[in-house]
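Source file work-v7.txt; content: compact mmCIF, C-alpha atoms.
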# COMPACT_ATOMS: atom_id res chain seq x y z
CA MET A 552 -21.65 -16.01 3.48
CA ASP A 553 -23.96 -16.59 6.47
CA GLU A 554 -24.14 -13.12 7.89
CA LYS A 555 -26.96 -10.90 6.68
CA VAL A 556 -26.01 -7.37 5.62
CA LYS A 557 -28.18 -4.45 4.66
CA ILE A 558 -27.17 -2.06 1.90
CA VAL A 559 -28.63 1.21 0.69
CA ALA A 560 -28.09 1.99 -2.99
CA ILE A 561 -28.34 5.53 -4.33
CA ALA A 562 -28.50 6.60 -7.97
CA GLY A 563 -27.32 10.10 -8.87
CA SER A 564 -29.95 10.71 -11.54
CA LEU A 565 -33.59 11.74 -11.21
CA ARG A 566 -34.71 10.53 -14.66
CA ARG A 567 -37.57 8.06 -14.68
CA LYS A 568 -35.65 5.83 -17.10
CA SER A 569 -32.29 6.36 -15.40
CA VAL A 570 -29.82 3.75 -16.65
CA THR A 571 -27.85 4.25 -13.45
CA ARG A 572 -30.88 3.15 -11.45
CA THR A 573 -31.23 0.12 -13.71
CA LEU A 574 -27.58 -0.69 -12.96
CA LEU A 575 -28.28 -0.60 -9.21
CA GLU A 576 -31.39 -2.75 -9.65
CA ALA A 577 -29.25 -5.28 -11.49
CA ALA A 578 -26.77 -5.24 -8.59
CA ARG A 579 -29.65 -5.84 -6.20
CA ASP A 580 -30.86 -8.78 -8.26
CA VAL A 581 -27.50 -10.55 -8.64
CA ALA A 582 -26.17 -9.83 -5.13
CA PRO A 583 -25.47 -12.67 -2.69
CA GLU A 584 -28.62 -13.84 -0.93
CA ASN A 585 -27.54 -12.47 2.42
CA MET A 586 -26.93 -9.00 1.05
CA GLN A 587 -30.19 -7.12 1.01
CA ILE A 588 -30.04 -4.02 -1.21
CA GLU A 589 -32.65 -1.26 -1.13
CA LEU A 590 -32.67 1.70 -3.47
CA PHE A 591 -33.21 5.16 -2.03
CA PRO A 592 -34.42 7.73 -4.61
CA LEU A 593 -33.18 11.33 -4.39
CA ASN A 594 -36.17 13.04 -6.01
CA GLU A 595 -37.41 14.69 -2.81
CA ILE A 596 -34.01 15.85 -1.49
CA PRO A 597 -33.80 19.67 -1.63
CA LEU A 598 -30.68 21.68 -2.38
CA TYR A 599 -28.32 21.95 0.58
CA ASN A 600 -28.58 25.16 2.49
CA ASN A 601 -26.80 25.48 5.82
CA ASP A 602 -29.32 28.11 6.97
CA ILE A 603 -32.09 25.50 6.74
CA GLU A 604 -30.03 22.92 8.64
CA VAL A 605 -29.23 25.41 11.42
CA GLU A 606 -32.65 27.06 11.70
CA GLU A 607 -35.10 24.26 10.92
CA GLY A 608 -33.05 21.07 11.10
CA PHE A 609 -32.93 18.46 8.38
CA PRO A 610 -35.91 18.47 5.98
CA GLU A 611 -38.06 15.32 6.20
CA PRO A 612 -36.71 13.60 3.02
CA VAL A 613 -33.16 14.28 4.22
CA LYS A 614 -33.99 12.70 7.58
CA GLN A 615 -35.20 9.60 5.77
CA LEU A 616 -32.05 9.44 3.66
CA ARG A 617 -29.88 9.83 6.74
CA GLN A 618 -31.83 7.15 8.60
CA ALA A 619 -31.45 4.74 5.67
CA ILE A 620 -27.70 5.38 5.62
CA GLN A 621 -27.34 5.10 9.38
CA GLN A 622 -29.12 1.75 9.44
CA ALA A 623 -27.19 0.36 6.48
CA ASP A 624 -24.06 -1.76 6.80
CA GLY A 625 -22.83 -0.39 3.48
CA ILE A 626 -23.65 1.97 0.64
CA ILE A 627 -23.61 1.62 -3.13
CA LEU A 628 -23.33 4.91 -5.01
CA GLY A 629 -24.21 4.87 -8.70
CA THR A 630 -23.38 7.94 -10.73
CA PRO A 631 -23.87 9.05 -14.29
CA GLU A 632 -21.12 11.30 -15.56
CA TYR A 633 -22.18 14.89 -16.03
CA ASN A 634 -19.46 17.25 -17.25
CA GLY A 635 -16.61 14.97 -16.29
CA SER A 636 -17.70 14.52 -12.69
CA VAL A 637 -20.33 13.21 -10.31
CA THR A 638 -23.79 14.72 -10.80
CA GLY A 639 -24.83 17.75 -8.80
CA VAL A 640 -27.83 15.71 -7.68
CA LEU A 641 -25.65 13.02 -6.06
CA LYS A 642 -23.12 15.45 -4.60
CA ASN A 643 -25.95 17.46 -3.10
CA ALA A 644 -27.37 14.35 -1.41
CA ILE A 645 -23.90 13.55 -0.06
CA ASP A 646 -23.62 17.13 1.25
CA TRP A 647 -26.72 16.55 3.39
CA ALA A 648 -26.03 12.94 4.31
CA SER A 649 -22.44 13.52 5.37
CA ARG A 650 -23.28 16.08 8.06
CA GLN A 651 -22.12 15.12 11.58
CA GLY A 652 -19.86 12.44 10.13
CA LEU A 653 -22.75 10.12 9.29
CA MET A 654 -21.03 8.55 6.27
CA ALA A 655 -17.62 8.01 7.89
CA LYS A 656 -16.56 4.38 8.34
CA LYS A 657 -19.30 3.11 6.02
CA PRO A 658 -18.16 0.60 3.41
CA VAL A 659 -18.98 1.92 -0.05
CA ALA A 660 -18.90 0.63 -3.62
CA THR A 661 -19.30 2.86 -6.66
CA MET A 662 -20.85 2.00 -10.01
CA GLY A 663 -21.40 3.88 -13.21
CA GLY A 664 -22.12 3.61 -16.87
CA SER A 665 -22.38 5.88 -19.88
CA PRO A 666 -23.62 5.98 -23.46
CA GLY A 667 -20.00 6.37 -24.61
CA ALA A 668 -16.89 4.25 -24.18
CA LEU A 669 -15.64 5.38 -20.77
CA GLY A 670 -18.37 4.22 -18.40
CA ALA A 671 -18.51 7.30 -16.16
CA THR A 672 -14.90 6.71 -15.16
CA LYS A 673 -14.08 10.36 -14.45
CA ALA A 674 -17.25 10.76 -12.40
CA GLN A 675 -16.35 7.72 -10.34
CA GLU A 676 -12.81 8.99 -9.74
CA HIS A 677 -14.20 12.20 -8.24
CA LEU A 678 -16.79 10.21 -6.33
CA ARG A 679 -14.16 7.93 -4.82
CA GLN A 680 -12.04 10.92 -3.81
CA ILE A 681 -15.08 12.41 -2.09
CA CYS A 682 -15.81 9.10 -0.30
CA LEU A 683 -12.19 8.80 0.85
CA HIS A 684 -12.29 12.39 2.08
CA LEU A 685 -15.37 11.43 4.11
CA GLY A 686 -13.51 8.59 5.81
CA MET A 687 -15.58 5.93 4.08
CA TYR A 688 -14.18 2.47 3.36
CA VAL A 689 -14.01 2.44 -0.44
CA LEU A 690 -14.04 -0.93 -2.23
CA SER A 691 -11.18 -0.50 -4.70
CA ARG A 692 -11.89 -3.42 -7.06
CA PRO A 693 -13.53 -4.62 -9.14
CA THR A 694 -14.68 -1.39 -10.71
CA ILE A 695 -17.95 -1.29 -12.62
CA ALA A 696 -17.66 1.28 -15.42
CA VAL A 697 -20.05 0.16 -18.13
CA PRO A 698 -19.57 1.52 -21.67
CA LYS A 699 -22.61 1.84 -23.96
CA LEU A 700 -24.88 1.19 -21.00
CA PRO A 701 -28.18 2.26 -22.63
CA GLU A 702 -27.64 -0.33 -25.39
CA LYS A 703 -27.38 -3.06 -22.76
CA ILE A 704 -30.80 -2.35 -21.31
CA VAL A 705 -34.01 -3.85 -22.70
CA ASP A 706 -37.39 -2.87 -21.27
CA GLY A 707 -35.79 -1.36 -18.18
CA GLN A 708 -33.68 -4.45 -17.47
CA LEU A 709 -29.95 -4.87 -17.80
CA THR A 710 -29.67 -7.92 -20.05
CA ASP A 711 -26.00 -8.02 -21.03
CA GLU A 712 -24.57 -11.28 -19.63
CA MET A 713 -20.98 -10.09 -19.34
CA THR A 714 -21.98 -6.93 -17.45
CA LEU A 715 -24.22 -8.92 -15.11
CA LYS A 716 -21.35 -11.29 -14.42
CA PHE A 717 -18.98 -8.41 -13.53
CA ILE A 718 -21.61 -6.84 -11.30
CA GLY A 719 -22.11 -10.19 -9.57
CA GLN A 720 -18.37 -10.35 -8.92
CA GLN A 721 -18.35 -6.83 -7.52
CA MET A 722 -21.27 -7.64 -5.24
CA GLU A 723 -19.51 -10.74 -3.91
CA GLN A 724 -16.40 -8.69 -3.15
CA PHE A 725 -18.52 -5.96 -1.61
CA TYR A 726 -20.35 -8.47 0.59
CA ASP A 727 -16.99 -9.71 1.87
CA TRP A 728 -15.77 -6.10 2.36
CA VAL A 729 -18.87 -5.15 4.34
CA VAL A 730 -18.73 -8.25 6.56
CA ARG A 731 -15.02 -7.75 7.31
CA LEU A 732 -15.52 -4.10 8.23
CA LYS A 733 -18.76 -4.40 10.18
CA ASP A 734 -18.68 -2.95 13.69
CA MET B 1407 -7.53 48.36 -20.35
CA ASP B 1408 -9.97 50.24 -22.59
CA GLU B 1409 -12.27 47.44 -23.61
CA LYS B 1410 -15.36 46.85 -21.48
CA VAL B 1411 -16.05 43.25 -20.45
CA LYS B 1412 -19.03 41.75 -18.68
CA ILE B 1413 -18.59 38.98 -16.14
CA VAL B 1414 -21.10 36.80 -14.31
CA ALA B 1415 -20.00 35.57 -10.88
CA ILE B 1416 -21.61 32.55 -9.27
CA ALA B 1417 -21.25 31.41 -5.65
CA GLY B 1418 -21.81 27.75 -4.85
CA SER B 1419 -23.50 28.33 -1.51
CA LEU B 1420 -27.07 29.30 -0.71
CA ARG B 1421 -26.38 30.63 2.79
CA ARG B 1422 -27.47 34.20 3.46
CA LYS B 1423 -24.09 34.94 5.03
CA SER B 1424 -22.10 32.95 2.50
CA VAL B 1425 -18.42 33.85 2.80
CA THR B 1426 -17.98 32.69 -0.79
CA ARG B 1427 -20.47 35.30 -1.94
CA THR B 1428 -18.57 37.91 0.09
CA LEU B 1429 -15.40 36.83 -1.72
CA LEU B 1430 -17.08 37.40 -5.09
CA GLU B 1431 -18.42 40.77 -3.96
CA ALA B 1432 -14.86 41.74 -3.02
CA ALA B 1433 -13.70 40.69 -6.48
CA ARG B 1434 -16.42 42.84 -8.00
CA ASP B 1435 -15.33 45.82 -5.91
CA VAL B 1436 -11.60 45.62 -6.64
CA ALA B 1437 -11.87 44.61 -10.32
CA PRO B 1438 -10.56 46.90 -13.08
CA GLU B 1439 -13.03 49.62 -13.94
CA ASN B 1440 -13.82 48.17 -17.35
CA MET B 1441 -14.67 44.75 -15.96
CA GLN B 1442 -18.28 44.78 -14.83
CA ILE B 1443 -19.08 41.85 -12.50
CA GLU B 1444 -22.61 40.81 -11.63
CA LEU B 1445 -23.46 38.08 -9.15
CA PHE B 1446 -26.06 35.50 -10.10
CA PRO B 1447 -27.60 33.70 -7.09
CA LEU B 1448 -28.46 29.99 -7.37
CA ASN B 1449 -31.32 29.90 -4.85
CA GLU B 1450 -34.06 29.35 -7.42
CA ILE B 1451 -32.25 26.76 -9.56
CA PRO B 1452 -33.96 23.35 -9.18
CA LEU B 1453 -32.20 20.00 -9.19
CA TYR B 1454 -31.26 18.82 -12.67
CA ASN B 1455 -33.64 16.30 -14.16
CA ASN B 1456 -33.28 15.41 -17.82
CA ASP B 1457 -36.99 14.51 -18.00
CA ILE B 1458 -37.86 18.14 -17.21
CA GLU B 1459 -35.43 19.45 -19.81
CA VAL B 1460 -36.81 17.13 -22.50
CA GLU B 1461 -40.50 17.47 -21.68
CA GLU B 1462 -40.86 21.04 -20.44
CA GLY B 1463 -37.64 22.77 -21.46
CA PHE B 1464 -35.46 24.74 -19.08
CA PRO B 1465 -37.22 26.05 -15.96
CA GLU B 1466 -37.46 29.85 -15.79
CA PRO B 1467 -34.60 30.41 -13.28
CA VAL B 1468 -32.38 28.12 -15.38
CA LYS B 1469 -33.21 30.17 -18.49
CA GLN B 1470 -32.13 33.30 -16.64
CA LEU B 1471 -28.88 31.68 -15.53
CA ARG B 1472 -28.17 30.51 -19.07
CA GLN B 1473 -28.94 33.93 -20.49
CA ALA B 1474 -26.59 35.59 -18.00
CA ILE B 1475 -23.83 33.14 -18.97
CA GLN B 1476 -24.47 33.51 -22.68
CA GLN B 1477 -24.26 37.28 -22.49
CA ALA B 1478 -21.13 37.27 -20.32
CA ASP B 1479 -17.61 37.54 -21.68
CA GLY B 1480 -16.37 35.46 -18.77
CA ILE B 1481 -17.40 33.64 -15.61
CA ILE B 1482 -16.13 33.63 -12.05
CA LEU B 1483 -17.02 30.51 -10.08
CA GLY B 1484 -16.67 30.68 -6.31
CA THR B 1485 -16.98 27.48 -4.37
CA PRO B 1486 -16.91 26.48 -0.74
CA GLU B 1487 -15.42 23.06 -0.13
CA TYR B 1488 -17.99 20.48 0.91
CA ASN B 1489 -16.61 17.00 1.48
CA GLY B 1490 -13.41 17.56 -0.42
CA SER B 1491 -15.10 18.79 -3.58
CA VAL B 1492 -17.25 21.42 -5.21
CA THR B 1493 -20.69 21.85 -3.64
CA GLY B 1494 -23.65 19.92 -5.02
CA VAL B 1495 -25.37 23.27 -5.40
CA LEU B 1496 -22.71 24.62 -7.77
CA LYS B 1497 -22.27 21.36 -9.69
CA ASN B 1498 -26.02 21.19 -10.17
CA ALA B 1499 -26.09 24.70 -11.63
CA ILE B 1500 -23.24 23.75 -13.98
CA ASP B 1501 -25.17 20.62 -15.02
CA TRP B 1502 -28.04 22.86 -16.23
CA ALA B 1503 -25.90 25.69 -17.58
CA SER B 1504 -23.57 23.46 -19.58
CA ARG B 1505 -26.31 21.91 -21.73
CA GLN B 1506 -25.87 22.42 -25.47
CA GLY B 1507 -22.27 23.47 -24.96
CA LEU B 1508 -23.23 26.85 -23.51
CA MET B 1509 -20.17 27.08 -21.23
CA ALA B 1510 -17.59 25.98 -23.78
CA LYS B 1511 -15.02 28.60 -24.79
CA LYS B 1512 -15.96 30.88 -21.92
CA PRO B 1513 -13.03 32.27 -19.94
CA VAL B 1514 -13.38 31.27 -16.29
CA ALA B 1515 -11.65 32.07 -13.01
CA THR B 1516 -12.23 30.11 -9.81
CA MET B 1517 -12.10 31.35 -6.24
CA GLY B 1518 -12.60 29.75 -2.88
CA GLY B 1519 -12.01 30.06 0.81
CA SER B 1520 -12.52 27.99 3.92
CA PRO B 1521 -12.57 28.27 7.71
CA GLY B 1522 -9.47 26.01 7.79
CA ALA B 1523 -6.00 26.31 6.34
CA LEU B 1524 -6.50 24.98 2.82
CA GLY B 1525 -8.83 27.54 1.24
CA ALA B 1526 -11.13 25.13 -0.61
CA THR B 1527 -8.17 23.90 -2.64
CA LYS B 1528 -9.55 20.41 -3.25
CA ALA B 1529 -12.92 21.83 -4.29
CA GLN B 1530 -11.23 24.16 -6.75
CA GLU B 1531 -9.15 21.32 -8.21
CA HIS B 1532 -12.33 19.37 -9.00
CA LEU B 1533 -13.99 22.54 -10.26
CA ARG B 1534 -11.11 23.30 -12.63
CA GLN B 1535 -11.17 19.74 -13.95
CA ILE B 1536 -14.89 20.13 -14.64
CA CYS B 1537 -14.33 23.48 -16.37
CA LEU B 1538 -11.55 22.01 -18.54
CA HIS B 1539 -13.79 19.06 -19.41
CA LEU B 1540 -16.39 21.60 -20.55
CA GLY B 1541 -13.93 23.24 -22.92
CA MET B 1542 -13.78 26.43 -20.90
CA TYR B 1543 -10.70 28.65 -20.87
CA VAL B 1544 -9.47 28.29 -17.30
CA LEU B 1545 -7.28 31.05 -15.84
CA SER B 1546 -4.47 29.07 -14.25
CA ARG B 1547 -2.90 31.74 -12.02
CA PRO B 1548 -3.05 33.45 -9.68
CA THR B 1549 -5.19 31.11 -7.59
CA ILE B 1550 -7.34 32.53 -4.83
CA ALA B 1551 -7.61 29.97 -2.03
CA VAL B 1552 -8.23 31.89 1.15
CA PRO B 1553 -7.53 30.20 4.50
CA LYS B 1554 -9.52 31.28 7.58
CA LEU B 1555 -11.87 33.22 5.34
CA PRO B 1556 -14.64 33.82 7.91
CA GLU B 1557 -12.11 35.55 10.20
CA LYS B 1558 -11.26 37.97 7.40
CA ILE B 1559 -14.82 39.21 7.03
CA VAL B 1560 -16.28 42.01 9.17
CA ASP B 1561 -19.95 42.99 8.82
CA GLY B 1562 -20.28 41.11 5.55
CA GLN B 1563 -17.20 42.78 4.01
CA LEU B 1564 -13.85 41.24 3.26
CA THR B 1565 -11.45 43.54 5.09
CA ASP B 1566 -8.11 41.70 4.96
CA GLU B 1567 -5.73 43.89 2.95
CA MET B 1568 -3.47 41.08 1.75
CA THR B 1569 -6.41 39.02 0.49
CA LEU B 1570 -7.91 42.04 -1.27
CA LYS B 1571 -4.55 42.68 -2.93
CA PHE B 1572 -4.33 39.09 -4.22
CA ILE B 1573 -7.91 39.24 -5.50
CA GLY B 1574 -7.13 42.50 -7.26
CA GLN B 1575 -4.17 40.83 -8.96
CA GLN B 1576 -6.33 37.89 -10.04
CA MET B 1577 -8.96 40.24 -11.44
CA GLU B 1578 -6.32 42.11 -13.44
CA GLN B 1579 -5.04 38.87 -14.89
CA PHE B 1580 -8.58 37.70 -15.56
CA TYR B 1581 -9.43 40.95 -17.33
CA ASP B 1582 -6.44 40.41 -19.61
CA TRP B 1583 -7.40 36.74 -20.15
CA VAL B 1584 -10.97 37.65 -21.09
CA VAL B 1585 -9.94 40.41 -23.49
CA ARG B 1586 -7.38 38.17 -25.22
CA LEU B 1587 -9.88 35.36 -25.67
CA LYS B 1588 -12.93 37.40 -26.65
CA ASP B 1589 -14.57 36.38 -29.90
How does the structure come out when it is put into structure tokens?
Amino acid sequence: MDEKVKIVAIAGSLRRKSVTRTLLEAARDVAPENMQIELFPLNEIPLYNNDIEVEEGFPEPVKQLRQAIQQADGIILGTPEYNGSVTGVLKNAIDWASRQGLMAKKPVATMGGSPGALGATKAQEHLRQICLHLGMYVLSRPTIAVPKLPEKIVDGQLTDEMTLKFIGQQMEQFYDWVVRLKD
Amino acid sequence: MDEKVKIVAIAGSLRRKSVTRTLLEAARDVAPENMQIELFPLNEIPLYNNDIEVEEGFPEPVKQLRQAIQQADGIILGTPEYNGSVTGVLKNAIDWASRQGLMAKKPVATMGGSPGALGATKAQEHLRQICLHLGMYVLSRPTIAVPKLPEKIVDGQLTDEMTLKFIGQQMEQFYDWVVRLKD
């Protein structure tokens, strides 16, 4: 646990009170000391249009996202479940970030939660398929699929002990995964 | 084939020379006479943000999209394949359009094509799962998954006879599907 690793965490919701963002903040707070996690917000990322990429290059916020990903040793993707899948917001960011193979060979962990019982499970299944398609190194277990997530948040903080413990376990496994797969 | 039906067709790409849009235009042109297909472009649809929906209501372009869907007897969704799935652009439009159950019980057909051999098959699988999750009535067959689609387009027109024939067959089946399931 000596090696320092740098992780970028991305939440697939733009809401100010996004519970998915709170989940990623919790991961940041319980992660091993040598795993530095920074959240990258998607609010400024425009909709993907290949004409823009070809004619004007990547828009400035997209450049920043791509730089953050390039410099990271690993990525955490947090997604709400919208309509049984990953959010359009997150998929759109991936559509920009993945250009020129930028996401290939990056270790990745997924997280999600929902108001209901299933914890964004379907969204994460699609997300993992997308990550595998991209040639990313997907951490298989433990999975973090938090049921009744909003009820576990007080004043913008995830307070549920059991959930925090599981997230801590995932972060330990992810640290190990990232270190083993580092170039 | 006497009953008139109204269909809205949506392409999940914003490119000016989108081959997916060309595919939908071909469907419009070969469809049965009583099936009127209108394309709705997604260029003005912003990224989904629940704060905006709650605080300001649906943005104007989203209102127009929702009105077009509400008034349609059926929907055709065309998607390119980005990263093994539906585009963020299309998923984002669905995330807006699906609010308040607006897409439930709508007959839907999917179409896709790709420069490679697989014809956006993976993207359409995710798309169909999303549509089923939404409670839409998904036309199962025939599927339109066009390999080497860009090579089959000349001056912005789909010219490949075999592909046009298959699309015509899908549109006939879709007409029947829509009529049978109309309220």
Taking all atoms listed in the file into account, what are the residues of chain B at most 7 Å from chain A, put as a CSV table (one decimal) with C-alpha atoms, in the coordinates of the input?
chain,number,residue,atom,x,y,z
B,1420,LEU,CA,-27.1,29.3,-0.7
B,1421,ARG,CA,-26.4,30.6,2.8
B,1453,LEU,CA,-32.2,20.0,-9.2
B,1454,TYR,CA,-31.3,18.8,-12.7
B,1455,ASN,CA,-33.6,16.3,-14.2
B,1456,ASN,CA,-33.3,15.4,-17.8
B,1457,ASP,CA,-37.0,14.5,-18.0
B,1488,TYR,CA,-18.0,20.5,0.9
B,1489,ASN,CA,-16.6,17.0,1.5
B,1490,GLY,CA,-13.4,17.6,-0.4
B,1491,SER,CA,-15.1,18.8,-3.6
B,1493,THR,CA,-20.7,21.8,-3.6
B,1494,GLY,CA,-23.6,19.9,-5.0
B,1495,VAL,CA,-25.4,23.3,-5.4
B,1497,LYS,CA,-22.3,21.4,-9.7
B,1498,ASN,CA,-26.0,21.2,-10.2
B,1501,ASP,CA,-25.2,20.6,-15.0
B,1536,ILE,CA,-14.9,20.1,-14.6
B,1539,HIS,CA,-13.8,19.1,-19.4
B,1540,LEU,CA,-16.4,21.6,-20.6
Could you give me, as a PDB file with C-alpha atoms, in the coordinates of the input, the residues that have an atom at most 10 Å away from the point (-27.7, 4.1, 6.9) in the coordinates of the file, using only C-alpha atoms?
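The result, stored in selection.pdb:
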ATOM      1  CA  LYS A 557     -28.180  -4.450   4.660  1.00  0.00           C
ATOM      2  CA  ILE A 558     -27.170  -2.060   1.900  1.00  0.00           C
ATOM      3  CA  VAL A 559     -28.630   1.210   0.690  1.00  0.00           C
ATOM      4  CA  GLN A 615     -35.200   9.600   5.770  1.00  0.00           C
ATOM      5  CA  LEU A 616     -32.050   9.440   3.660  1.00  0.00           C
ATOM      6  CA  ARG A 617     -29.880   9.830   6.740  1.00  0.00           C
ATOM      7  CA  GLN A 618     -31.830   7.150   8.600  1.00  0.00           C
ATOM      8  CA  ALA A 619     -31.450   4.740   5.670  1.00  0.00           C
ATOM      9  CA  ILE A 620     -27.700   5.380   5.620  1.00  0.00           C
ATOM     10  CA  GLN A 621     -27.340   5.100   9.380  1.00  0.00           C
ATOM     11  CA  GLN A 622     -29.120   1.750   9.440  1.00  0.00           C
ATOM     12  CA  ALA A 623     -27.190   0.360   6.480  1.00  0.00           C
ATOM     13  CA  ASP A 624     -24.060  -1.760   6.800  1.00  0.00           C
ATOM     14  CA  GLY A 625     -22.830  -0.390   3.480  1.00  0.00           C
ATOM     15  CA  ILE A 626     -23.650   1.970   0.640  1.00  0.00           C
ATOM     16  CA  ALA A 648     -26.030  12.940   4.310  1.00  0.00           C
ATOM     17  CA  LEU A 653     -22.750  10.120   9.290  1.00  0.00           C
ATOM     18  CA  MET A 654     -21.030   8.550   6.270  1.00  0.00           C
ATOM     19  CA  LYS A 657     -19.300   3.110   6.020  1.00  0.00           C
TER      20      LYS A 657
END
Which is closest to Thr1426 of chain B among B:Pro1467, B:Pro1438, B:Pro1513, B:Pro1553, if we use all atoms listed in the file?
->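 Between B:Pro1467, B:Pro1438, B:Pro1513, B:Pro1553, the residue approaching Thr1426 of chain B most closely is B:Pro1553.
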Surrounding residues of Asp1582 of chain B excluding itself and chain neighbours under 4 positions, 12 Å, all atoms listed in the file, as a list in words |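 Result of the neighbour search: Met1407, Asp1408, Glu1409, Lys1410, Val1411, Ala1437, Pro1438, Asn1440, Met1441, Asp1479, Gly1480, Pro1513, Val1514, Ala1515, Leu1545, Gln1575, Gln1576, Met1577, Glu1578, Arg1586, Leu1587 and Lys1588 of chain B.
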Emit as AutoDock Vina command-line options the padded axis-aligned box for all listed atoms of segment 649-653 of chain A, 6 Å per side, with centre and edge lengths in Å to one decimal.
--center_x -21.6 --center_y 13.1 --center_z 8.5 --size_x 15.4 --size_y 18.0 --size_z 18.2
Between atom CA of Ala1433 of chain B and atom CA of Leu1564 of chain B, measure the distance and give it in Å to one decimal.
-> 9.8 Å
Do you know which residues are at most 8 Å from Gln1530 of chain B counting all atoms listed in the file, after dropping those on the same chain fewer than 6 positions away, and could you put them as a list in words?
-> Thr1485, Glu1487, Ser1491, Val1492, Thr1516, Met1517 and Gly1518 of chain B
Of the candidates A:Met687, A:Val570, A:Ile695, A:Ala655, which shows the shortest atom-to-atom distance to Gly670 of chain A, using all atoms listed in the file?
->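 Once distances to Gly670 of chain A are computed over all atoms listed in the file, the minimum belongs to A:Ile695.
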What is the atom CA of Ile718 of chain A-atom CA of Ile588 of chain A distance in Å, reported with one decimal?
->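 The value is 13.4 Å.
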Write out N, CA and C atoms for segment 610-623 of chain A, as a PDB file, in the frame of the given file.
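After the write, out.pdb holds the following:
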ATOM      1  N   PRO A 610     -34.581  18.672   6.582  1.00  0.00           N
ATOM      2  CA  PRO A 610     -35.910  18.470   5.980  1.00  0.00           C
ATOM      3  C   PRO A 610     -36.280  16.981   6.028  1.00  0.00           C
ATOM      4  N   GLU A 611     -37.569  16.686   6.019  1.00  0.00           N
ATOM      5  CA  GLU A 611     -38.060  15.320   6.200  1.00  0.00           C
ATOM      6  C   GLU A 611     -37.408  14.305   5.237  1.00  0.00           C
ATOM      7  N   PRO A 612     -37.344  14.592   3.922  1.00  0.00           N
ATOM      8  CA  PRO A 612     -36.710  13.600   3.020  1.00  0.00           C
ATOM      9  C   PRO A 612     -35.236  13.375   3.350  1.00  0.00           C
ATOM     10  N   VAL A 613     -34.570  14.417   3.834  1.00  0.00           N
ATOM     11  CA  VAL A 613     -33.160  14.280   4.220  1.00  0.00           C
ATOM     12  C   VAL A 613     -33.050  13.391   5.461  1.00  0.00           C
ATOM     13  N   LYS A 614     -33.975  13.570   6.400  1.00  0.00           N
ATOM     14  CA  LYS A 614     -33.990  12.700   7.580  1.00  0.00           C
ATOM     15  C   LYS A 614     -34.115  11.245   7.183  1.00  0.00           C
ATOM     16  N   GLN A 615     -34.995  10.985   6.212  1.00  0.00           N
ATOM     17  CA  GLN A 615     -35.200   9.600   5.770  1.00  0.00           C
ATOM     18  C   GLN A 615     -33.946   9.046   5.102  1.00  0.00           C
ATOM     19  N   LEU A 616     -33.310   9.865   4.288  1.00  0.00           N
ATOM     20  CA  LEU A 616     -32.050   9.440   3.660  1.00  0.00           C
ATOM     21  C   LEU A 616     -31.003   9.129   4.717  1.00  0.00           C
ATOM     22  N   ARG A 617     -30.891  10.013   5.690  1.00  0.00           N
ATOM     23  CA  ARG A 617     -29.880   9.830   6.740  1.00  0.00           C
ATOM     24  C   ARG A 617     -30.183   8.592   7.588  1.00  0.00           C
ATOM     25  N   GLN A 618     -31.456   8.343   7.838  1.00  0.00           N
ATOM     26  CA  GLN A 618     -31.830   7.150   8.600  1.00  0.00           C
ATOM     27  C   GLN A 618     -31.467   5.884   7.811  1.00  0.00           C
ATOM     28  N   ALA A 619     -31.764   5.915   6.509  1.00  0.00           N
ATOM     29  CA  ALA A 619     -31.450   4.740   5.670  1.00  0.00           C
ATOM     30  C   ALA A 619     -29.948   4.474   5.673  1.00  0.00           C
ATOM     31  N   ILE A 620     -29.160   5.537   5.615  1.00  0.00           N
ATOM     32  CA  ILE A 620     -27.700   5.380   5.620  1.00  0.00           C
ATOM     33  C   ILE A 620     -27.214   4.894   6.984  1.00  0.00           C
ATOM     34  N   GLN A 621     -27.759   5.483   8.028  1.00  0.00           N
ATOM     35  CA  GLN A 621     -27.340   5.100   9.380  1.00  0.00           C
ATOM     36  C   GLN A 621     -27.609   3.618   9.647  1.00  0.00           C
ATOM     37  N   GLN A 622     -28.748   3.133   9.167  1.00  0.00           N
ATOM     38  CA  GLN A 622     -29.120   1.750   9.440  1.00  0.00           C
ATOM     39  C   GLN A 622     -28.441   0.753   8.503  1.00  0.00           C
ATOM     40  N   ALA A 623     -27.800   1.265   7.460  1.00  0.00           N
ATOM     41  CA  ALA A 623     -27.190   0.360   6.480  1.00  0.00           C
ATOM     42  C   ALA A 623     -25.788  -0.066   6.919  1.00  0.00           C
TER      43      ALA A 623
END
